[in-house]
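Colleague: Data: model23.cif, mmCIF, C-alpha atoms.
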data_coords
loop_
_atom_site.label_atom_id
_atom_site.label_comp_id
_atom_site.auth_asym_id
_atom_site.auth_seq_id
_atom_site.Cartn_x
_atom_site.Cartn_y
_atom_site.Cartn_z
CA MET A 183 77.98 120.80 139.57
CA ALA A 184 75.83 123.78 138.75
CA GLU A 185 72.58 125.29 139.86
CA ASN A 186 69.42 123.68 138.57
CA THR A 187 67.01 126.45 137.62
CA GLN A 188 64.01 124.12 137.64
CA THR A 189 61.96 123.34 140.72
CA VAL A 190 62.89 119.88 141.92
CA LYS A 191 60.55 117.56 143.79
CA LEU A 192 61.96 114.55 145.55
CA ARG A 193 60.01 111.29 145.48
CA VAL A 194 60.12 108.33 147.83
CA MET A 195 62.14 105.67 146.05
CA GLU A 196 59.63 102.85 146.62
CA GLU A 197 57.20 104.82 144.42
CA ALA A 198 59.56 104.44 141.44
CA ASN A 199 59.35 101.44 139.15
CA PHE A 200 62.35 99.33 138.18
CA ARG A 201 62.95 101.06 134.85
CA GLU A 202 63.13 104.50 136.50
CA LEU A 203 66.12 103.33 138.56
CA TYR A 204 67.96 100.64 136.60
CA HIS A 205 71.16 101.85 134.91
CA ARG A 206 70.40 105.45 135.86
CA TYR A 207 72.02 107.98 138.17
CA GLN A 208 70.31 109.35 141.29
CA TYR A 209 70.64 111.80 144.13
CA ILE A 210 69.44 110.02 147.29
CA GLU A 211 68.61 112.27 150.25
CA CYS A 212 69.79 110.78 153.55
CA PRO A 213 71.20 113.47 155.89
CA GLU A 214 70.50 111.32 158.94
CA ASP A 215 72.86 108.62 157.60
CA MET A 216 75.85 110.74 156.62
CA ASP A 217 77.75 110.34 159.90
CA ALA A 218 77.51 106.55 159.67
CA LEU A 219 78.55 106.61 156.00
CA LYS A 220 81.78 108.39 156.94
CA ASN A 221 83.03 104.95 157.99
CA ALA A 222 82.72 103.73 154.39
CA PHE A 223 83.87 106.68 152.27
CA THR A 224 84.88 110.35 152.34
CA VAL A 225 81.90 112.61 153.08
CA MET A 226 81.88 116.35 152.40
CA GLU A 227 81.02 118.80 155.17
CA GLY A 228 77.28 119.44 155.39
CA ALA A 229 76.35 116.60 153.01
CA THR A 230 72.62 115.86 152.74
CA GLY A 231 72.82 112.80 150.51
CA ILE A 232 74.71 110.79 147.92
CA LEU A 233 74.98 110.55 144.15
CA THR A 234 74.67 106.97 142.93
CA TYR A 235 74.49 104.68 139.91
CA CYS A 236 71.87 101.91 139.99
CA TYR A 237 72.67 98.38 138.82
CA ILE A 238 71.85 94.75 139.69
CA GLU A 239 74.52 93.11 141.81
CA GLU A 240 74.86 89.38 141.22
CA GLY A 241 73.15 87.50 144.04
CA LEU A 242 72.13 90.69 145.89
CA GLY A 243 69.58 92.41 143.66
CA LEU A 244 69.11 96.09 142.92
CA SER A 245 72.00 98.13 144.32
CA PHE A 246 73.46 101.63 144.16
CA TYR A 247 77.15 102.35 143.60
CA ILE A 248 78.09 105.49 145.51
CA LEU A 249 79.81 108.11 143.35
CA CYS A 250 80.17 110.88 145.93
CA SER A 251 78.46 112.67 148.77
CA ALA A 252 76.43 115.74 147.87
CA LYS A 253 74.79 118.78 149.43
CA MET A 254 71.37 119.90 148.20
CA ASP A 255 70.30 123.43 149.05
CA GLY A 256 66.98 124.31 147.41
CA THR A 257 67.64 123.64 143.73
CA GLU A 258 71.41 123.91 144.00
CA LEU A 259 73.48 120.73 144.22
CA GLU A 260 77.10 120.65 145.33
CA ALA A 261 79.06 117.44 144.88
CA GLY A 262 81.71 116.16 147.27
CA PRO A 263 84.94 114.39 146.37
CA ASP A 264 84.79 111.41 144.00
CA VAL A 265 84.77 108.22 146.13
CA THR A 266 84.27 105.63 143.40
CA ALA A 267 87.64 104.03 144.17
CA GLN A 268 86.33 103.14 147.63
CA MET A 269 83.69 100.87 146.05
CA ALA A 270 80.93 101.77 148.52
CA ARG A 271 77.46 100.42 147.68
CA VAL A 272 74.02 100.38 149.27
CA ARG A 273 71.18 97.96 148.61
CA TYR A 274 67.69 98.89 147.49
CA GLY A 275 66.26 97.71 150.80
CA ASP A 276 68.47 100.20 152.64
CA VAL A 277 67.22 103.23 150.70
CA CYS A 278 63.75 102.34 149.37
CA TYR A 279 62.09 104.65 151.93
CA LYS A 280 64.47 107.52 151.18
CA LYS A 281 63.63 110.41 148.85
CA PHE A 282 65.50 110.74 145.58
CA LEU A 283 65.89 112.72 142.36
CA ASP A 284 66.43 111.11 138.97
CA GLN A 285 69.38 112.08 136.79
CA GLY A 286 67.11 114.02 134.45
CA GLU A 287 66.08 116.37 137.26
CA LEU A 288 69.64 117.42 138.10
CA ASP A 289 72.08 119.67 136.30
CA VAL A 290 75.02 117.29 136.60
CA ASP A 291 77.61 116.20 134.03
CA TRP A 292 76.91 112.50 134.43
CA SER A 293 79.28 111.65 131.58
CA ALA A 294 82.11 112.11 134.07
CA PHE A 295 80.89 108.90 135.73
CA ASP A 296 80.24 106.84 132.59
CA GLY A 297 83.52 104.97 132.99
CA ILE A 298 82.74 103.83 136.52
CA ALA A 299 79.18 102.93 135.47
CA ALA A 300 80.53 100.66 132.72
CA GLN A 301 83.05 99.16 135.15
CA THR A 302 80.30 98.52 137.69
CA ARG A 303 78.18 96.66 135.13
CA GLU A 304 81.18 94.60 134.04
CA GLN A 305 82.36 93.76 137.54
CA PHE A 306 79.13 93.15 139.43
CA GLU A 307 76.32 92.27 137.01
CA THR A 308 75.41 88.85 135.64
CA LYS A 309 76.95 87.59 132.40
CA GLU A 310 73.98 85.28 131.74
CA LYS A 311 72.26 86.39 128.55
CA LEU A 312 68.88 84.99 129.63
CA ARG A 313 68.78 87.03 132.81
CA GLN A 314 69.84 90.14 130.92
CA LEU A 315 66.91 89.53 128.55
CA ILE A 316 64.61 89.25 131.58
CA TYR A 317 65.88 92.56 132.96
CA ASP A 318 65.58 94.26 129.57
CA LEU A 319 61.95 93.18 128.94
CA GLU A 320 60.06 96.39 129.72
CA LEU A 321 56.62 94.85 129.08
CA ILE A 322 56.72 93.00 132.41
CA ASP A 323 57.88 95.97 134.50
CA GLY A 324 54.40 96.53 135.93
CA SER A 325 54.55 93.10 137.58
CA ARG A 326 58.22 93.13 138.48
CA ASN A 327 59.74 93.05 141.97
CA VAL A 328 61.98 96.13 142.02
CA GLU A 329 64.51 94.72 144.48
CA CYS A 330 64.79 91.31 142.79
CA PRO A 331 63.95 92.09 139.14
CA GLU A 332 63.78 88.50 137.88
CA TYR A 333 60.80 87.97 140.23
CA VAL A 334 57.36 88.85 138.88
CA SER A 335 53.83 88.81 140.23
CA VAL A 336 51.60 86.35 138.34
CA ILE A 337 47.82 85.93 138.61
CA VAL A 338 46.63 82.35 139.05
CA GLN A 339 42.95 81.59 138.60
CA LYS A 340 40.71 78.57 138.19
CA ALA A 341 36.96 77.99 138.15
CA GLY A 342 35.50 77.94 141.66
CA LEU A 343 38.47 79.77 143.21
CA TYR A 344 39.31 83.41 143.70
CA PRO A 345 42.20 84.77 141.60
CA GLU A 346 45.46 85.09 143.53
CA TYR A 347 48.80 86.82 142.97
CA VAL A 348 51.92 84.69 143.43
CA TRP A 349 55.62 85.47 143.06
CA VAL A 350 57.42 83.65 140.27
CA LYS A 351 61.09 83.63 139.26
CA CYS A 352 61.43 83.99 135.48
CA THR A 353 63.45 81.16 133.98
CA GLY A 354 62.86 81.36 130.20
CA PHE A 355 60.80 82.45 127.22
CA GLY A 356 58.77 80.80 124.49
CA GLU A 357 57.18 82.38 121.42
CA THR A 358 54.20 83.75 123.34
CA GLU A 359 54.76 82.52 126.88
CA ILE A 360 57.17 82.96 129.78
CA TYR A 361 58.42 80.17 132.01
CA GLY A 362 59.08 80.45 135.71
CA GLU A 363 59.52 78.81 139.09
CA LEU A 364 56.89 79.32 141.78
CA LEU A 365 58.41 81.00 144.84
CA GLU A 366 55.38 80.44 147.08
CA ALA A 367 52.33 78.20 147.01
CA PRO A 368 48.92 79.89 146.52
CA LYS A 369 46.70 80.06 149.59
CA GLN A 370 43.96 78.14 147.73
CA ASP A 371 44.32 74.72 146.15
CA PHE A 372 45.22 75.41 142.52
CA GLY A 373 47.25 72.22 142.40
CA LEU A 374 50.43 74.32 142.59
CA ARG A 375 53.27 73.92 145.08
CA LYS A 376 56.35 75.94 145.94
CA ASP A 377 59.17 75.44 143.38
CA ASP A 378 56.76 74.17 140.69
CA ALA A 379 57.61 75.09 137.12
CA ILE A 380 54.78 77.17 135.66
CA THR A 381 53.96 78.88 132.39
CA PHE A 382 52.38 82.32 132.12
CA GLN A 383 51.67 84.94 129.48
CA MET A 384 51.13 88.66 129.14
CA VAL A 385 47.50 89.81 128.98
CA GLN A 386 46.48 93.41 128.36
CA ALA A 387 43.42 94.83 130.13
CA GLU A 388 42.38 98.42 130.76
CA GLY A 389 45.65 99.73 129.39
CA LYS A 390 47.80 97.59 131.68
CA ILE A 391 49.74 94.39 131.11
CA TYR A 392 49.16 91.55 133.56
CA LEU A 393 50.90 88.18 133.81
CA MET A 394 48.46 85.26 133.82
CA TRP A 395 49.10 81.61 134.62
CA VAL A 396 48.45 79.16 131.75
CA PRO A 397 47.35 76.00 133.60
CA ASP A 398 46.95 73.83 130.49
CA ALA A 399 50.64 74.28 129.68
CA GLU A 400 51.86 72.44 132.79
#
Reformat the file's structure so that it appears as structure tokens.
Modeller:
Amino acid sequence: MAENTQTVKLRVMEEANFRELYHRYQYIECPEDMDALKNAFTVMEGATGILTYCYIEEGLGLSFYILCSAKMDGTELEAGPDVTAQMARVRYGDVCYKKFLDQGELDVDWSAFDGIAAQTREQFETKEKLRQLIYDLELIDGSRNVECPEYVSVIVQKAGLYPEYVWVKCTGFGETEIYGELLEAPKQDFGLRKDDAITFQMVQAEGKIYLMWVPDAE
């Protein structure tokens, strides 16, 4: 690991969207947690955080495979011993309030970890092609739940009622529409109940893409 000559600015992870994390490497700053993490893997002296690889663990959502501990001093990063064999992972919910740096902001030879990244995808990620298509569809990222990426926020609206956002689990695709399962009932009476199958589509407005319920398709 070498010195990064650029000024680095850490961001809180919950400010990052799904695509900024998924299948990318990160430095996650967590000096207050390093003593506790010593119970899970080898931690270097003076470590201030961890280097990780982000993936989706089957049944658990967005997760981070720990590559090694690391020490950040200004713009200089020092990596600890490789701990990939110890298979330590943390969930998004455990680190979403931590600060992090993306792989592109660090002078690290990430290719040294490409083998473990491929192994992580093979061992822990879904083999279902449909769900992989859902994860790969960048157009819906603005409505996506980062922790559970097959969940998206959909707007339901009907004459006489205020528009509402509801969480929907994506279950399939048509030519111009997306199919899903309603995870919660709207607060108003749209005629929708929890677990209902619904159809929605992408609508662009003011430079953003929104997901809108298509009531006539039910």
Colleague: Could you give me, as CSV, every stretch 301-399 of chain A residue with an atom at most 10 Å from stretch 189-211 of chain A, plus its closest atom pair and distance in Å to one decimal, counting only C-alpha atoms, rows ordered by chain then number?
Modeller:
residue,atom,partner,partner_atom,distance
A:Arg303,CA,A:His205,CA,8.7
A:Tyr317,CA,A:Tyr204,CA,9.1
A:Asp318,CA,A:Arg201,CA,9.0
A:Leu319,CA,A:Arg201,CA,9.9
A:Glu320,CA,A:Arg201,CA,7.5
A:Asp323,CA,A:Phe200,CA,6.7
A:Gly324,CA,A:Asn199,CA,7.7
A:Ser325,CA,A:Asn199,CA,9.7
A:Arg326,CA,A:Phe200,CA,7.5
A:Asn327,CA,A:Phe200,CA,7.8
A:Val328,CA,A:Phe200,CA,5.0
A:Glu329,CA,A:Phe200,CA,8.1
A:Cys330,CA,A:Phe200,CA,9.6
A:Pro331,CA,A:Phe200,CA,7.5
Colleague: Report as a VMD selection string all protein, DNA and RNA residues lying within 9 Å of A:Val348, evaluated on all atoms listed in the file, omitting residues in the same chain fewer than 4 positions from it.
Modeller: chain A and resid 334 to 338 364 to 368
Colleague: Please provide as number ranges by chain all residues within 7 Å of stretch 267-272 of chain A, with the sequence filter that same-chain residues fewer than 6 positions apart are discarded (counting all atoms listed in the file).
Modeller: A: 222-223, 245-248
Colleague: Counting all atoms listed in the file, which of A:Ala229, A:Ala261, A:Leu244, A:Ile298 gets nearest to A:Asp217?
Modeller: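 Once distances to A:Asp217 are computed over all atoms listed in the file, the minimum belongs to A:Ala229.
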Colleague: Can you work out the spacing between atom CA of A:Cys212 and atom CA of A:Leu288 in Å, to one decimal?
Modeller: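 Atom CA of A:Leu288 lies at a distance of 16.8 Å from atom CA of A:Cys212.
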Colleague: Kindly give the distance, in Å, that separates atom CA of A:Lys280 and atom CA of A:Gly297, rounded to a single decimal.
Modeller: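 Between these atoms lies a distance of 26.5 Å.
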Colleague: Starting from the displayed file, determine the output of the PyMOL selection byres ((chain A and resi 230) around 9) and express the residue list as a PyMOL selection string.
Modeller: chain A and resi 210-216+228-229+231-232+251-255
Colleague: For A:Leu233, which residue out of A:Thr257, A:Val290, A:Tyr361, A:Tyr274 is the nearest one, using all atoms listed in the file?
Modeller: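 Comparing A:Thr257, A:Val290, A:Tyr361, A:Tyr274 against A:Leu233, the winner is A:Val290.
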Colleague: Got a sec to check which residues sit within 7 Å of (74.8, 95.4, 140.4), counting all atoms listed in the file, and write them as a list in words?
Modeller: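 The requested residues, written out, are Tyr237, Ile238, Glu239, Glu240, Gly243, Leu244, Ser245, Thr302, Arg303, Phe306 and Glu307 of chain A.
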Colleague: One number please: atom CA of A:Glu227 to atom CA of A:Glu260, in Å, one decimal.
Modeller: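 We find that atom CA of A:Glu227 and atom CA of A:Glu260 lie 10.8 Å from each other.
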Colleague: Write out as lines of an AutoDock Vina configuration file an axis-aligned box for stretch 345-349 of chain A: all of its atoms listed in the file, 5 Å added on each side, centre and edge lengths in Å with one decimal.
Modeller:
center_x = 48.9
center_y = 85.8
center_z = 142.6
size_x = 23.4
size_y = 12.1
size_z = 11.9
Colleague: Translate the PyMOL selection byres ((chain A and resi 388-400) around 12) into a concrete residue list for this structure, as an MDAnalysis selection string.
Modeller: chainID A and resid 320:326 333:341 345:350 352 356 358:364 372:374 378:387
Colleague: Using all atoms listed in the file, pick whichever of A:Leu219, A:Met226, A:Leu242, A:Leu249 has the shortest atom-to-atom distance to A:Ala299.
Modeller: A:Leu249
